[in-house]
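Here's the structure we're looking at; comments come further down.
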Amino acid sequence: MKILVPVKRVIDYNVKVRVKSDGSGVDLANVKMSMNPFDEISVEQAIRLKEAGIATEVVVVSVGEKKAQEILRTALAMGADRAILVEADTGDDIEPLTVAKILAKVVADEAPELVIAGKQAIDNDMNATGQMLAALLGWGQATFASQVDVADGKASVTREVDGGLQTVSVKLPAVITTDLRLNEPRYASLPNIMKAKKKPLEEKTAADYGVDLSPRLKVLATEEPAGRAAGIVVGSVDELMGKLKEQGLV
Amino acid sequence: MAVLLLAEMAGGALALDATAKAVTAAAKLGDVTALVCGPKSAAEIAATIEGVSKVLVCEDAAVAHGLAENVTRLILDQAQGFTHIVAPAGNSGRNILPRVAALLDAMVMTDVTEVIAPDTFKRPIYAGNAIQTVQSLDPVKVLSIRTTGFDAAGTGAAAPVETVALSAVSDLSAHVEDKVVSSDRPELTSAKVVVSGGRGIGSEENFALVSSLADKLGAAVGASRAAVDSGFASNDLQVGQTGKVVAPDLYIAVGISGAIQHLAGMKDSKVIVAINKDVDAPIFQVADYGLVADLFDAVPALTEAV
Ligand SMILES: Cc1cc2nc3c(=O)[nH]c(=O)nc-3n(C[C@H](O)[C@H](O)[C@H](O)COP(=O)(O)OP(=O)(O)OC[C@H]3O[C@@H](n4cnc5c(N)ncnc54)[C@H](O)[C@@H]3O)c2cc1C
């Protein structure tokens, strides 16, 4: 069984994002970029399925700028077998619908039985690509996975939902999206980072797949959120209670 | 303009607060028809929400557990004539709406916090560190509503209820089981007061400190990711970028450092109290009242004082 894992290069989760003063977007100059944390979890899950003898090959794919090569190499160092970069440099974030359309073409070429994607990218926070891909392929979907068991042409997936957990069984091929508690991704070891340099990384462009990149959402403005008024430090529980009582909160 | 609004369900019943908040947002876009996947009794409650002009109800077991493939089919069965397809941005809406949007060849807009015009919306990006205003160029707009941004519509209306059928049942996925965490406490996303615990609490047993304070205050209990990952609290209590978003009148953060991802889920609370022994913890930057103290002294004292 082949597993395809889409990965995105995003601002590192530790970086405090700053909005550009002219409202044209956020400042990405000279900030640390990394693999989207949920995608790391997806890569890890795919590798574990391979180590368990369930998957035979793990292919990682990134749609975006050329620099996404860095995170594809990271995924290869973690243990993925090969990588595909689909260059689609719009100079801006690419919408999940566009990414899903390109991924659907990659799926047509690669014929994986499972796609494992992160539930959301921590830049646009849209939480959409996996579901959109499943829709375009006519596949089943199991989102926000905190446990995945694959057997007999099906995946049994425990999902994090608002009231607790839900288990669904989805027929393969299918799309799974990963949540935080599915696993703890491994770090790539130095020898594996060296080895990853020799693993195949195929370069394509969006044009190869004939997908239109024009966005459906026109970004009119990007602003700082409203700030909070400065607070005070209270010296004791009694003082705190006093303040809360004053405001009618307790 | 006409809006098809997917009502939020919780354990087979209507989640009235989330649905009524989404109705407030949807009513700014046009005439609202609510779609209920569940029993008639839930539809009858949805019919009382002011601003809902009609309720469609599907009692088919195939949609009862919110399976994305079937609910998407049901929405598309009914989509004719609607300019907007809307749902509250809970995990159900998050699961289903992108699938609906892709099949309509539309780009979904998730977690909308403000309606500017029927085609223009504000939504947070980068864990709420930036707010984007986007205009949709798609003929049908598909969007989920972050309910903390809207007041709940009132009840007292009596819209007609019509039963609808699912045109085809998908065999792509099947429901196995729900493990619902039941609690007598108020629901996290609609509670007026939330007490959340973080890694500083130290253990599942110690988490009782947080629950006791919450119970004294009639509050909901929340948690940081670290507290959930460590097994102190269940996953449905996680507040943050990738958990629940809350905006109560009072949010008390206990032993939580205030990482960007946690702040994303609570920084719109009206009053924030932070109890942390580290004076440099970033949570103090958003707190209205900061108490630099050991939580094992401060929380029992506070519980006592309430
Ligand atoms: C992709 C991604 C998504 C994430 N999503 C979320 C999310 O949705 N929600 C979320 O919360 N996090 C999320 N995180 C995790 C986040 O980055 C932080 O790791 C997490 O919020 C830390 O939790 P914490 O504050 O409880 O723990 P810590 O950061 O370890 O803080 C514990 C605090 O407790 C204090 N403390 C310890 N002992 C005591 C004591 N005796 N008395 C008083 N204070 C004490 C310490 O001073 C410290 O400030 C996400 C991370 C990633 C990468």
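The chains in the structure tokens are called A, B, ... from first to last as shown; in each chain the residues are counted from 1, and the ligands are counted from 1 in the order shown.
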
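The list of residues with at least one atom within 12 Å of Asp92 of chain A, based on only C-alpha atoms and without residues fewer than 4 positions apart in the same chain, reads Val10, Ser24, Gly25, Val26, Asp27, Leu28, Gly64, Glu65, Ala88, Asp123, Asn124, Leu213, Ser214, Pro215, Lys218 and Val219 of chain A.
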
Each residue of chain B lying at most 6 Å from chain A should get a row with its shortest atom-to-atom pair and the distance in Å to one decimal, counting only C-alpha atoms; could you produce that, ordered by chain and increasing number, as JSON lines?
{"residue": "B:Asn91", "atom": "CA", "partner": "A:Val161", "partner_atom": "CA", "distance": 5.6}
{"residue": "B:Pro98", "atom": "CA", "partner": "A:Ala128", "partner_atom": "CA", "distance": 5.3}
{"residue": "B:Arg99", "atom": "CA", "partner": "A:Met132", "partner_atom": "CA", "distance": 5.0}
{"residue": "B:Ala102", "atom": "CA", "partner": "A:Met132", "partner_atom": "CA", "distance": 5.1}
{"residue": "B:Met107", "atom": "CA", "partner": "A:Leu97", "partner_atom": "CA", "distance": 5.8}
{"residue": "B:Thr110", "atom": "CA", "partner": "A:Met126", "partner_atom": "CA", "distance": 5.8}
{"residue": "B:Ile125", "atom": "CA", "partner": "A:Asn124", "partner_atom": "CA", "distance": 4.9}
{"residue": "B:Tyr126", "atom": "CA", "partner": "A:Asp123", "partner_atom": "CA", "distance": 4.6}
{"residue": "B:Ala130", "atom": "CA", "partner": "A:Glu224", "partner_atom": "CA", "distance": 4.9}
{"residue": "B:Ile131", "atom": "CA", "partner": "A:Glu223", "partner_atom": "CA", "distance": 5.2}
{"residue": "B:Gln132", "atom": "CA", "partner": "A:Thr222", "partner_atom": "CA", "distance": 4.4}
{"residue": "B:Thr133", "atom": "CA", "partner": "A:Ala221", "partner_atom": "CA", "distance": 5.1}
{"residue": "B:Val134", "atom": "CA", "partner": "A:Val219", "partner_atom": "CA", "distance": 4.5}
{"residue": "B:Gln135", "atom": "CA", "partner": "A:Lys218", "partner_atom": "CA", "distance": 5.0}
{"residue": "B:Ser136", "atom": "CA", "partner": "A:Leu217", "partner_atom": "CA", "distance": 4.6}
{"residue": "B:Leu137", "atom": "CA", "partner": "A:Arg216", "partner_atom": "CA", "distance": 5.3}
{"residue": "B:Leu172", "atom": "CA", "partner": "A:Gly140", "partner_atom": "CA", "distance": 4.9}
{"residue": "B:Ser173", "atom": "CA", "partner": "A:Val170", "partner_atom": "CA", "distance": 4.1}
{"residue": "B:Ala174", "atom": "CA", "partner": "A:Ser169", "partner_atom": "CA", "distance": 5.2}
{"residue": "B:His175", "atom": "CA", "partner": "A:Val168", "partner_atom": "CA", "distance": 4.6}
{"residue": "B:Val176", "atom": "CA", "partner": "A:Val168", "partner_atom": "CA", "distance": 5.0}
{"residue": "B:Glu177", "atom": "CA", "partner": "A:Thr167", "partner_atom": "CA", "distance": 5.2}
{"residue": "B:Asp178", "atom": "CA", "partner": "A:Gln166", "partner_atom": "CA", "distance": 4.3}
{"residue": "B:Lys179", "atom": "CA", "partner": "A:Leu165", "partner_atom": "CA", "distance": 5.0}
{"residue": "B:Val180", "atom": "CA", "partner": "A:Gly164", "partner_atom": "CA", "distance": 4.8}
{"residue": "B:Val181", "atom": "CA", "partner": "A:Gly164", "partner_atom": "CA", "distance": 5.5}
{"residue": "B:Asp236", "atom": "CA", "partner": "A:Gly164", "partner_atom": "CA", "distance": 5.1}
{"residue": "B:Ala287", "atom": "CA", "partner": "A:Gly231", "partner_atom": "CA", "distance": 5.7}
{"residue": "B:Asp288", "atom": "CA", "partner": "A:Gly231", "partner_atom": "CA", "distance": 3.8}
{"residue": "B:Tyr289", "atom": "CA", "partner": "A:Ile232", "partner_atom": "CA", "distance": 5.2}
{"residue": "B:Gly290", "atom": "CA", "partner": "A:Val233", "partner_atom": "CA", "distance": 4.6}
{"residue": "B:Leu291", "atom": "CA", "partner": "A:Val234", "partner_atom": "CA", "distance": 5.4}

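If only C-alpha atoms are the atoms counted, then among A:Leu182, A:Ile102, A:Ala196, A:Pro191 the closest residue to Asp212 of chain A is A:Ile102.
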
* Neighbours of segment 257-271 of chain B within 8 Å (only C-alpha atoms; same-chain residues fewer than 3 positions away dropped), as a list in words? ->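 The filter keeps Asn14 and Lys16 of chain A; Ala127, Gly128, Asn129, Gly198, Ser224, Arg225, Val239, Gly240, Gln241, Thr242, Gly243, Lys244, Val245, Val246, Ala247, Pro248, Asp249, Leu250, Tyr251, Asn276, Ala281, Pro282, Ile283, Phe284, Val286, Ala287 and Asp288 of chain B.
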
* Identify all residues of segment 23-250 of chain B in strand (DSSP E or B) (DSSP on the backbone) and supply them as a PyMOL selection string. => chain B and resi 31-37+49+52-58+84-88+109-112+114-117+120-125+130-136+141-145+155+161-163+173-180+193-197+220-223+238-239+244+250

* Spatial neighbours of segment 299-306 of chain B, max dist 9 Å, only C-alpha atoms, sep filter under 3 positions, as JSON, numbers by chain -> {"A": [237, 238, 240, 241, 250], "B": [209, 210, 212, 213, 214, 216, 217, 254, 275, 294, 295, 296]}

Go ahead and save the picked residues with N, CA and C atoms, as an mmCIF file, in the first residue's frame.
data_model
loop_
_atom_site.group_PDB
_atom_site.id
_atom_site.type_symbol
_atom_site.label_atom_id
_atom_site.label_comp_id
_atom_site.auth_asym_id
_atom_site.auth_seq_id
_atom_site.Cartn_x
_atom_site.Cartn_y
_atom_site.Cartn_z
ATOM 1 N N VAL A 237 -5.103 36.743 46.891
ATOM 2 C CA VAL A 237 -6.387 36.167 46.503
ATOM 3 C C VAL A 237 -7.520 37.108 46.935
ATOM 4 N N ASP A 238 -7.380 37.730 48.099
ATOM 5 C CA ASP A 238 -8.425 38.647 48.574
ATOM 6 C C ASP A 238 -8.582 39.837 47.638
ATOM 7 N N LEU A 240 -7.834 39.906 44.524
ATOM 8 C CA LEU A 240 -8.427 39.394 43.284
ATOM 9 C C LEU A 240 -9.947 39.266 43.438
ATOM 10 N N MET A 241 -10.353 38.675 44.566
ATOM 11 C CA MET A 241 -11.788 38.512 44.823
ATOM 12 C C MET A 241 -12.486 39.865 44.840
ATOM 13 N N VAL A 250 -18.273 37.511 40.220
ATOM 14 C CA VAL A 250 -18.436 36.332 41.108
ATOM 15 C C VAL A 250 -19.556 36.606 42.108
ATOM 16 N N LEU B 209 -8.606 20.469 41.636
ATOM 17 C CA LEU B 209 -8.531 21.861 42.104
ATOM 18 C C LEU B 209 -9.259 22.787 41.138
ATOM 19 N N VAL B 210 -9.027 22.531 39.856
ATOM 20 C CA VAL B 210 -9.642 23.344 38.802
ATOM 21 C C VAL B 210 -11.157 23.089 38.770
ATOM 22 N N SER B 212 -13.099 21.970 41.155
ATOM 23 C CA SER B 212 -13.795 22.465 42.345
ATOM 24 C C SER B 212 -14.048 23.968 42.233
ATOM 25 N N LEU B 213 -13.037 24.688 41.773
ATOM 26 C CA LEU B 213 -13.217 26.131 41.598
ATOM 27 C C LEU B 213 -14.320 26.381 40.562
ATOM 28 N N ALA B 214 -14.268 25.611 39.477
ATOM 29 C CA ALA B 214 -15.282 25.765 38.424
ATOM 30 C C ALA B 214 -16.675 25.509 38.987
ATOM 31 N N LYS B 216 -17.735 25.754 42.048
ATOM 32 C CA LYS B 216 -18.122 26.844 42.957
ATOM 33 C C LYS B 216 -18.652 28.043 42.158
ATOM 34 N N LEU B 217 -18.039 28.270 40.979
ATOM 35 C CA LEU B 217 -18.401 29.430 40.156
ATOM 36 C C LEU B 217 -19.495 29.106 39.138
ATOM 37 N N VAL B 254 -5.179 28.785 35.010
ATOM 38 C CA VAL B 254 -4.405 28.321 36.166
ATOM 39 C C VAL B 254 -3.240 27.442 35.696
ATOM 40 N N ILE B 275 -3.362 32.851 36.974
ATOM 41 C CA ILE B 275 -2.662 32.462 38.204
ATOM 42 C C ILE B 275 -1.470 31.615 37.786
ATOM 43 N N ASP B 294 1.784 30.461 43.798
ATOM 44 C CA ASP B 294 1.727 29.016 43.617
ATOM 45 C C ASP B 294 0.253 28.631 43.563
ATOM 46 N N LEU B 295 -0.111 27.935 42.497
ATOM 47 C CA LEU B 295 -1.526 27.618 42.309
ATOM 48 C C LEU B 295 -2.055 26.720 43.429
ATOM 49 N N PHE B 296 -1.160 25.923 44.041
ATOM 50 C CA PHE B 296 -1.622 25.003 45.079
ATOM 51 C C PHE B 296 -2.028 25.754 46.362
#

* To do: Fewer than 5 positions away in the same chain doesn't count, so skip those; otherwise give me all residues within 8 Å of Ala64 of chain B, counting only C-alpha atoms, as JSON, numbers by chain.
  => {"B": [12, 37, 38, 59]}

* Contacts of Arg48 of chain A at 12 Å or less, counting only C-alpha atoms, minus same-chain residues fewer than 5 places along, as number ranges by chain? -> A: 3, 41-43, 53-58, 78-80, 148-150, 182-186

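Nearest to ligand 1 of all the residues A:Arg73, A:Val106, A:Gly118, A:Lys199 is A:Gly118, counting only C-alpha atoms and all ligand atoms.
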
* Spatial neighbours of Ala42 of chain B, max dist 6 Å, only C-alpha atoms, sep filter under 3 positions, as a PyMOL selection string -> chain B and resi 13-14+39+45

* To do: Could you check which of B:Gln285, B:Thr113, B:Thr19, B:Gln238 is closest to ligand 1, using only C-alpha atoms and all ligand atoms?
  =>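 Using only C-alpha atoms and all ligand atoms, the shortest distance to ligand 1 belongs to B:Gln238.
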